[in-house]
>>> print(open('input35.cif').read())   # mmCIF, C-alpha atoms
data_input
#
loop_
_atom_site.label_atom_id
_atom_site.label_comp_id
_atom_site.auth_asym_id
_atom_site.auth_seq_id
_atom_site.Cartn_x
_atom_site.Cartn_y
_atom_site.Cartn_z
CA MET A 15 13.92 2.18 -21.63
CA GLU A 16 10.14 2.06 -21.30
CA LYS A 17 8.85 2.91 -17.87
CA SER A 18 6.65 0.38 -16.12
CA ASN A 19 3.00 1.12 -15.53
CA PHE A 20 3.28 -0.45 -12.10
CA VAL A 21 4.28 2.40 -9.81
CA ASP A 22 4.33 1.45 -6.13
CA GLN A 23 6.19 4.42 -4.61
CA ILE A 24 5.76 8.14 -5.15
CA ARG A 25 7.56 11.12 -3.61
CA ILE A 26 5.56 14.36 -3.59
CA PHE A 27 5.81 17.81 -2.05
CA CYS A 28 2.70 18.70 -0.04
CA ARG A 29 1.57 22.00 1.45
CA SER A 30 -1.75 22.50 3.15
CA GLY A 31 -3.49 25.86 2.97
CA HIS A 32 -2.71 28.77 5.28
CA GLY A 33 -5.51 29.98 7.52
CA GLY A 34 -7.05 33.34 6.72
CA ALA A 35 -6.43 36.29 9.05
CA GLY A 36 -9.14 37.52 11.40
CA SER A 37 -10.61 40.95 10.68
CA LYS A 38 -10.03 44.04 12.80
CA HIS A 39 -13.18 45.95 11.93
CA PHE A 40 -15.59 48.26 13.75
CA MET A 41 -19.23 48.65 12.91
CA ARG A 42 -20.38 52.13 12.03
CA THR A 43 -24.04 52.76 11.30
CA LYS A 44 -25.98 55.89 10.46
CA TYR A 45 -27.31 56.21 13.96
CA ASN A 46 -24.44 54.61 15.85
CA PRO A 47 -20.96 55.50 14.53
CA GLN A 48 -19.35 53.51 17.36
CA ALA A 49 -21.39 50.31 17.31
CA GLY A 50 -18.42 48.20 18.34
CA PRO A 51 -16.10 45.56 16.88
CA ASP A 52 -17.55 43.20 14.28
CA GLY A 53 -14.45 41.67 12.68
CA GLY A 54 -15.11 38.13 11.44
CA ASP A 55 -12.85 35.09 11.69
CA GLY A 56 -10.53 33.94 8.94
CA GLY A 57 -11.30 30.79 6.98
CA ARG A 58 -9.48 27.52 7.53
CA GLY A 59 -6.77 26.56 5.07
CA GLY A 60 -7.43 23.61 2.78
CA HIS A 61 -6.67 20.09 4.01
CA ILE A 62 -4.92 17.41 1.96
CA LEU A 63 -6.84 14.16 2.22
CA LEU A 64 -6.28 10.57 1.10
CA ARG A 65 -9.21 8.54 -0.23
CA GLY A 66 -9.21 4.82 -1.05
CA ASN A 67 -10.32 3.82 -4.53
CA LYS A 68 -10.77 0.10 -5.27
CA ASN A 69 -10.52 0.78 -9.02
CA LEU A 70 -6.90 1.92 -8.75
CA TRP A 71 -4.12 -0.67 -8.75
CA THR A 72 -0.96 1.46 -8.81
CA LEU A 73 0.23 5.01 -8.06
CA LEU A 74 0.84 5.67 -11.75
CA HIS A 75 -1.68 8.53 -11.87
CA LEU A 76 0.48 10.45 -9.36
CA ARG A 77 3.76 10.02 -11.21
CA TYR A 78 3.77 13.57 -12.59
CA PHE A 79 1.72 15.10 -9.77
CA LYS A 80 4.76 16.29 -7.83
CA ASN A 81 3.43 19.36 -6.02
CA VAL A 82 0.20 19.24 -4.02
CA LEU A 83 -0.69 22.74 -2.86
CA ALA A 84 -3.99 23.27 -1.07
CA GLU A 85 -5.83 26.58 -1.23
CA ASN A 86 -5.41 29.21 1.48
CA GLY A 87 -8.34 30.36 3.58
CA GLU A 88 -9.67 33.86 3.05
CA GLY A 89 -9.52 36.57 5.68
CA GLY A 90 -12.55 37.60 7.73
CA SER A 91 -14.44 40.80 7.11
CA GLY A 92 -16.80 43.21 8.83
CA ASN A 93 -20.30 42.41 10.02
CA ASN A 94 -18.87 39.24 11.62
CA CYS A 95 -18.42 37.59 8.23
CA THR A 96 -16.16 34.55 8.34
CA GLY A 97 -13.73 34.13 5.46
CA ARG A 98 -14.19 31.28 3.00
CA MET A 99 -12.34 28.05 3.79
CA GLY A 100 -9.62 26.94 1.41
CA LYS A 101 -10.61 24.15 -0.95
CA ASP A 102 -9.46 20.72 0.18
CA ILE A 103 -7.40 18.49 -2.11
CA ILE A 104 -8.35 14.81 -2.23
CA ILE A 105 -5.72 12.36 -3.44
CA GLU A 106 -7.23 9.05 -4.54
CA VAL A 107 -4.98 6.05 -3.92
CA PRO A 108 -5.28 2.27 -4.32
CA LEU A 109 -6.13 0.13 -1.33
CA GLY A 110 -3.04 -0.84 0.64
CA THR A 111 -1.36 2.56 0.33
CA VAL A 112 0.74 3.80 3.26
CA ALA A 113 1.78 7.44 3.69
CA PHE A 114 5.11 8.42 5.26
CA ASP A 115 6.94 11.61 6.10
CA GLU A 116 10.19 11.54 4.14
CA GLU A 117 12.31 13.26 6.79
CA THR A 118 11.18 11.30 9.86
CA ASN A 119 10.06 8.10 8.04
CA GLU A 120 7.03 8.12 10.34
CA LYS A 121 3.92 6.34 9.09
CA GLU A 122 1.13 8.92 8.98
CA ALA A 123 -1.80 7.19 7.29
CA GLU A 124 -2.90 3.85 5.86
CA ILE A 125 -5.73 3.28 3.40
CA MET A 126 -7.32 -0.18 3.51
CA GLU A 127 -10.97 0.29 2.46
CA ASP A 128 -12.77 1.67 -0.57
CA GLY A 129 -14.06 5.19 0.12
CA GLN A 130 -12.00 5.54 3.32
CA GLU A 131 -10.95 9.16 3.80
CA ILE A 132 -8.16 10.39 6.06
CA ILE A 133 -7.08 13.98 6.63
CA TRP A 134 -3.41 13.55 5.85
CA ILE A 135 -2.16 17.14 6.26
CA LYS A 136 -4.35 19.63 8.09
CA GLY A 137 -4.80 23.16 6.85
CA GLY A 138 -3.93 26.10 9.06
CA ARG A 139 -6.62 27.37 11.44
CA GLY A 140 -8.21 30.70 10.61
CA GLY A 141 -7.48 33.62 12.96
CA LEU A 142 -10.14 35.09 15.25
CA GLY A 143 -11.58 38.48 14.42
CA ASN A 144 -11.52 41.34 16.95
CA SER A 145 -15.19 40.75 17.87
CA ASN A 146 -14.02 37.68 19.83
CA PHE A 147 -11.88 39.82 22.14
CA ALA A 148 -14.42 42.42 23.19
CA THR A 149 -15.00 42.51 26.97
CA ALA A 150 -16.64 44.87 29.43
CA THR A 151 -13.27 46.50 30.10
CA ASN A 152 -11.98 46.31 26.52
CA GLN A 153 -14.91 47.22 24.33
CA ALA A 154 -12.86 48.24 21.29
CA PRO A 155 -10.03 45.71 20.79
CA GLU A 156 -7.61 46.91 18.16
CA TYR A 157 -6.23 43.48 17.31
CA ALA A 158 -7.17 40.23 15.61
CA GLN A 159 -5.39 36.94 15.16
CA PRO A 160 -3.41 36.09 12.05
CA GLY A 161 -4.18 32.77 10.42
CA GLU A 162 -2.03 29.77 11.25
CA PRO A 163 0.34 28.66 8.48
CA GLY A 164 -0.24 25.39 6.67
CA GLN A 165 2.15 22.46 6.88
CA GLU A 166 4.61 21.67 4.14
CA ALA A 167 6.98 18.74 3.68
CA TRP A 168 8.13 16.07 1.27
CA LYS A 169 5.95 13.00 1.65
CA VAL A 170 6.11 9.42 0.39
CA LEU A 171 3.20 7.25 -0.72
CA GLU A 172 3.98 3.55 -0.81
CA LEU A 173 1.73 0.80 -2.14
CA LYS A 174 1.73 -2.66 -0.58
CA VAL A 175 -0.26 -5.02 -2.76
CA LEU A 176 -3.39 -6.49 -1.17
CA ALA A 177 -3.68 -10.19 -2.03
CA ASP A 178 -4.72 -13.32 -0.15
CA VAL A 179 -1.81 -15.44 -1.35
CA GLY A 180 1.70 -14.36 -2.29
CA LEU A 181 3.87 -16.49 -4.59
CA VAL A 182 7.45 -16.69 -3.34
CA GLY A 183 10.32 -18.35 -5.12
CA PHE A 184 13.57 -18.06 -7.01
CA PRO A 185 13.57 -16.63 -10.54
CA ASN A 186 12.25 -19.19 -13.05
CA ALA A 187 10.55 -21.25 -10.34
CA GLY A 188 7.32 -21.21 -12.37
CA LYS A 189 5.38 -18.54 -10.48
CA SER A 190 4.11 -16.71 -13.55
CA THR A 191 3.22 -19.98 -15.25
CA LEU A 192 1.18 -21.02 -12.21
CA LEU A 193 -0.58 -17.65 -12.09
CA ALA A 194 -1.52 -17.98 -15.76
CA ALA A 195 -2.75 -21.54 -15.19
CA ILE A 196 -5.14 -20.86 -12.30
CA THR A 197 -6.25 -17.29 -13.10
CA ALA A 198 -7.12 -15.19 -16.13
CA ALA A 199 -3.97 -13.10 -15.67
CA LYS A 200 -1.49 -13.01 -18.54
CA PRO A 201 1.93 -12.38 -16.97
CA LYS A 202 5.07 -12.32 -19.09
CA ILE A 203 6.62 -15.80 -19.25
CA ALA A 204 10.10 -16.42 -20.65
CA ASP A 205 13.08 -18.70 -20.10
CA TYR A 206 15.35 -16.24 -18.32
CA ALA A 207 15.72 -14.90 -14.79
CA PHE A 208 13.67 -11.94 -13.55
CA THR A 209 11.07 -12.17 -16.30
CA THR A 210 8.63 -10.75 -13.75
CA ILE A 211 9.79 -7.29 -12.69
CA ASP A 212 6.43 -6.07 -11.35
CA PRO A 213 3.85 -7.81 -9.15
CA ASN A 214 0.99 -9.43 -11.07
CA LEU A 215 -2.41 -10.05 -9.51
CA GLY A 216 -4.93 -12.68 -10.49
CA ILE A 217 -8.29 -13.86 -9.17
CA VAL A 218 -8.57 -17.61 -8.61
CA ALA A 219 -12.07 -18.89 -9.35
CA TYR A 220 -13.07 -21.46 -6.72
CA ARG A 221 -16.09 -23.66 -6.14
CA GLU A 222 -19.62 -22.21 -5.85
CA ASN A 223 -18.60 -18.85 -7.35
CA LYS A 224 -16.09 -18.19 -4.59
CA SER A 225 -12.70 -16.65 -5.32
CA PHE A 226 -9.49 -15.36 -3.80
CA CYS A 227 -6.64 -13.13 -4.97
CA ILE A 228 -3.12 -14.35 -5.65
CA ALA A 229 -0.02 -12.23 -6.34
CA ASP A 230 2.96 -13.24 -8.45
CA LEU A 231 5.97 -11.36 -7.06
CA PRO A 232 9.39 -10.90 -8.70
CA GLY A 233 11.86 -13.67 -7.95
CA ILE A 234 13.92 -13.54 -4.76
CA ILE A 235 17.59 -14.49 -4.69
CA GLU A 236 20.01 -14.88 -1.81
CA GLY A 237 20.93 -11.41 -0.56
CA ALA A 238 17.71 -9.77 -1.72
CA ALA A 239 17.20 -8.19 1.72
CA GLU A 240 20.53 -6.38 1.19
CA GLY A 241 19.56 -5.19 -2.27
CA LYS A 242 20.77 -7.97 -4.58
CA GLY A 243 18.75 -8.87 -7.65
CA LEU A 244 15.66 -6.71 -7.61
CA GLY A 245 16.43 -6.05 -3.95
CA HIS A 246 13.86 -5.64 -1.19
CA ARG A 247 11.71 -3.24 -3.19
CA PHE A 248 9.08 -5.91 -3.75
CA LEU A 249 9.46 -7.74 -0.45
CA ARG A 250 7.12 -5.19 1.14
CA HIS A 251 4.24 -6.52 -0.96
CA ILE A 252 4.52 -9.84 0.89
CA GLU A 253 3.60 -8.07 4.15
CA ARG A 254 -0.04 -7.92 3.00
CA ASN A 255 -0.38 -11.62 2.16
CA PRO A 256 -1.77 -13.82 4.97
CA VAL A 257 -0.60 -16.97 3.13
CA LEU A 258 2.73 -17.43 1.35
CA LEU A 259 3.02 -20.13 -1.29
CA PHE A 260 6.65 -21.16 -1.81
CA LEU A 261 7.33 -22.51 -5.30
CA ILE A 262 10.33 -24.81 -5.50
CA PRO A 263 11.02 -26.47 -8.88
CA ALA A 264 11.33 -30.24 -8.94
CA ASP A 265 14.71 -29.99 -10.72
CA SER A 266 16.26 -27.95 -7.90
CA LYS A 267 19.61 -29.29 -6.69
CA ASP A 268 18.65 -28.90 -3.02
CA HIS A 269 14.98 -28.32 -2.26
CA ARG A 270 15.45 -27.74 1.47
CA LYS A 271 18.31 -25.30 0.98
CA GLU A 272 16.27 -23.31 -1.54
CA PHE A 273 13.37 -23.07 0.91
CA ASP A 274 15.70 -22.05 3.77
CA ILE A 275 17.27 -19.29 1.64
CA LEU A 276 13.85 -17.87 0.82
CA VAL A 277 12.73 -17.95 4.45
CA ASN A 278 15.99 -16.34 5.58
CA GLU A 279 15.53 -13.45 3.13
CA LEU A 280 12.02 -12.86 4.46
CA GLU A 281 13.33 -12.91 8.03
CA GLN A 282 16.13 -10.48 7.21
CA TYR A 283 13.62 -8.09 5.71
CA ASN A 284 10.91 -8.38 8.38
CA PRO A 285 10.87 -11.12 11.07
CA GLU A 286 7.09 -10.78 11.36
CA LEU A 287 6.75 -12.46 7.96
CA LEU A 288 7.63 -15.76 9.62
CA HIS A 289 4.28 -15.71 11.43
CA LYS A 290 2.36 -16.14 8.18
CA GLU A 291 0.99 -19.43 6.92
CA PHE A 292 3.48 -21.27 4.68
CA ILE A 293 2.63 -23.76 1.95
CA ILE A 294 5.18 -25.43 -0.33
CA ALA A 295 4.36 -26.36 -3.93
CA VAL A 296 6.93 -28.38 -5.85
CA SER A 297 6.49 -27.12 -9.42
CA LYS A 298 7.43 -28.79 -12.73
CA SER A 299 6.72 -32.19 -11.14
CA ASP A 300 4.84 -33.80 -14.02
CA MET A 301 7.81 -36.09 -14.78
CA LEU A 302 8.36 -37.25 -11.19
CA ASP A 303 7.54 -40.80 -10.17
CA ASP A 304 6.39 -41.82 -6.69
CA GLU A 305 9.93 -42.71 -5.58
CA LEU A 306 11.29 -39.25 -6.42
CA LYS A 307 8.30 -37.56 -4.78
CA THR A 308 8.97 -39.52 -1.59
CA ALA A 309 12.64 -38.52 -1.65
CA ILE A 310 11.81 -34.84 -2.16
CA SER A 311 9.16 -34.94 0.59
CA LYS A 312 11.81 -36.14 3.05
CA GLU A 313 13.96 -33.10 2.18
CA LEU A 314 11.20 -30.58 2.88
CA PRO A 315 10.69 -29.18 6.41
CA PRO A 316 8.15 -31.11 8.50
CA GLY A 317 5.01 -29.35 9.67
CA ILE A 318 4.59 -27.32 6.47
CA PRO A 319 2.04 -28.71 4.01
CA HIS A 320 3.38 -29.43 0.54
CA LEU A 321 2.03 -30.56 -2.82
CA PHE A 322 3.44 -31.61 -6.18
CA ILE A 323 2.03 -29.62 -9.09
CA SER A 324 2.52 -29.04 -12.77
CA SER A 325 1.20 -25.83 -14.27
CA LEU A 326 1.59 -27.15 -17.83
CA SER A 327 -0.39 -30.36 -17.33
CA HIS A 328 -2.57 -28.81 -14.56
CA LYS A 329 -1.63 -31.71 -12.33
CA GLY A 330 -2.37 -31.03 -8.66
CA LEU A 331 -3.85 -27.57 -9.25
CA VAL A 332 -7.32 -28.52 -7.97
CA GLU A 333 -5.77 -29.88 -4.78
CA LEU A 334 -3.68 -26.70 -4.48
CA LYS A 335 -6.78 -24.51 -4.71
CA ASP A 336 -8.51 -26.63 -2.07
CA LEU A 337 -5.56 -26.33 0.31
CA LEU A 338 -5.21 -22.56 -0.21
CA TRP A 339 -8.92 -22.03 0.38
CA GLN A 340 -8.80 -24.17 3.52
CA VAL A 341 -5.81 -22.28 4.96
CA LEU A 342 -7.26 -18.87 4.05
CA ASN A 343 -10.54 -19.63 5.79
CA LYS A 344 -8.69 -20.95 8.83
CA LYS A 345 -6.85 -17.63 9.01
CA ASN A 346 -10.12 -15.67 8.67
CA ASP A 347 -11.78 -17.68 11.45
CA GLN A 348 -9.01 -16.93 13.93
#
>>> encode(input="input35.cif", output="structure tokens")
Amino acid sequence: MEKSNFVDQIRIFCRSGHGGAGSKHFMRTKYNPQAGPDGGDGGRGGHILLRGNKNLWTLLHLRYFKNVLAENGEGGSGNNCTGRMGKDIIIEVPLGTVAFDEETNEKEAEIMEDGQEIIWIKGGRGGLGNSNFATATNQAPEYAQPGEPGQEAWKVLELKVLADVGLVGFPNAGKSTLLAAITAAKPKIADYAFTTIDPNLGIVAYRENKSFCIADLPGIIEGAAEGKGLGHRFLRHIERNPVLLFLIPADSKDHRKEFDILVNELEQYNPELLHKEFIIAVSKSDMLDDELKTAISKELPPGIPHLFISSLSHKGLVELKDLLWQVLNKKNDQ
């Protein structure tokens, strides 16, 4: 089976560099054979850093990069010479990447901006040379510090897609068709469930050269939060979307029940998702008359804006763009 190019989670072994040992050295010159201690400090071990790169969209480039080992610092030497620092390793990741420790599941870093750099795993500190310990009563210290060891552990990098609008719906609700209709994206479209198995992003061109980003996410079914269907693997991508657009097909047997199931799955996964802005779009509605539209509108929950659209005939898509832009800007102004 061909592996997908969309990789949103990577497990890697990381080890930062060990610090170099301090030097225990005494200066001896032609005219002063006991000139005193001059041992230099050890160099710092290499850090492991994360850097945001807006040109990356997945973690695919790290798929076979399983061991990240930073360089050790060099030991100090005589004449108060400090050892060379270990070379840092910079891991470039797409925006929206979160770093976790696998054992504790603690979130350690989050990259949200292009060029943002975070020291993820610090290298060991270099040891002090014996020149640092010379005093009036101890003019010839016979000891120096060893370098501190680096840190090593299994880590997890997880990508949460950054998009302004997330498309939420059952399989075959028409999410990919809508994305293809209002953006230049070319998602896979077919007449079977779970056609979309990876998130697809598209840029919606709006008036006066404005634009916003929309994400087509794999279909959600009842029980997704417990792992059914494609499970909750892709539900985490919804956490980044300030606006959620629920697509409910016009030929659904129970429009309100379908919406309630979707909302319940989001709540089971993360209750904070319920604080986002919701919009309902009734898809495949090109064959509906005004009487059917009125009946469906009465089924839908009050207080949540809804529209009737058709991605094939492009009916209602201009109004949908206007509403999404209005809600997005309301969120940005708050």
>>> atom_distance(input="input35.cif", atom1="CA of Pro108 in chain A", atom2="CA of Leu288 in chain A")
26.2 Å
>>> residues_near_point(input="input35.cif", point="(-1.5, -30.3, 1.6)", cutoff="8 Å", atoms="all atoms listed in the file", output="list in words")
Ile293, Pro319, His320, Leu321, Glu333, Leu334 and Leu337 of chain A
>>> closest_atom_pairs(input="input35.cif", of="range 113-213 of chain A", to="range 264-281 of chain A", cutoff="10 Å", atoms="all atoms listed in the file", output="JSON lines")
{"residue": "A:Val182", "atom": "CA", "partner": "A:Leu276", "partner_atom": "CA", "distance": 7.7}
{"residue": "A:Gly183", "atom": "CA", "partner": "A:Leu276", "partner_atom": "CA", "distance": 6.9}
{"residue": "A:Phe184", "atom": "CA", "partner": "A:Leu276", "partner_atom": "CA", "distance": 7.8}
{"residue": "A:Ala187", "atom": "CA", "partner": "A:Ala264", "partner_atom": "CA", "distance": 9.1}
>>> residues_around(input="input35.cif", residues="range 41-57 of chain A", least_positions_apart="6", cutoff="8 Å", atoms="all atoms listed in the file", output="ChimeraX atom specification")
/A:33-35,87-100,139-145,148,153-155,158,161
>>> resolve_selection(input="input35.cif", expression="the PyMOL selection byres ((chain A and resi 165-171) around 6)", output="ChimeraX atom specification")
/A:23-30,112-116,164,172
>>> resolve_selection(input="input35.cif", expression="the PyMOL selection byres ((chain A and resi 134) around 9)", output="list in words")
His61, Ile62, Leu63, Leu64, Ala113, Glu122, Ala123, Glu131, Ile132, Ile133, Ile135 and Lys136 of chain A
>>> residues_near_point(input="input35.cif", point="(-7.8, -18.7, 4.3)", cutoff="12 Å", atoms="all atoms listed in the file", output="PyMOL selection string")
chain A and resi 177-179+225-228+255-258+290-293+335-348
>>> atom_distance(input="input35.cif", atom1="CA of Gly317 in chain A", atom2="CA of Ala194 in chain A")
28.6 Å
>>> atom_distance(input="input35.cif", atom1="CA of Gly110 in chain A", atom2="CA of Gly137 in chain A")
24.9 Å
>>> residues_around(input="input35.cif", residues="Arg254 in chain A", least_positions_apart="3", cutoff="8 Å", atoms="only C-alpha atoms", output="count of residues only")
7
>>> axis_aligned_box(input="input35.cif", around="range 139-151 of chain A", padding_each_side="6 Å", output="JSON")
{"center_x": -11.6, "center_y": 36.9, "center_z": 20.4, "size_x": 22.0, "size_y": 31.1, "size_z": 31.5}
>>> closest_residue(input="input35.cif", among="A:Asn69, A:Ile105, A:Phe322, A:Leu261", to="Val82 in chain A", atoms="all atoms listed in the file")
A:Ile105
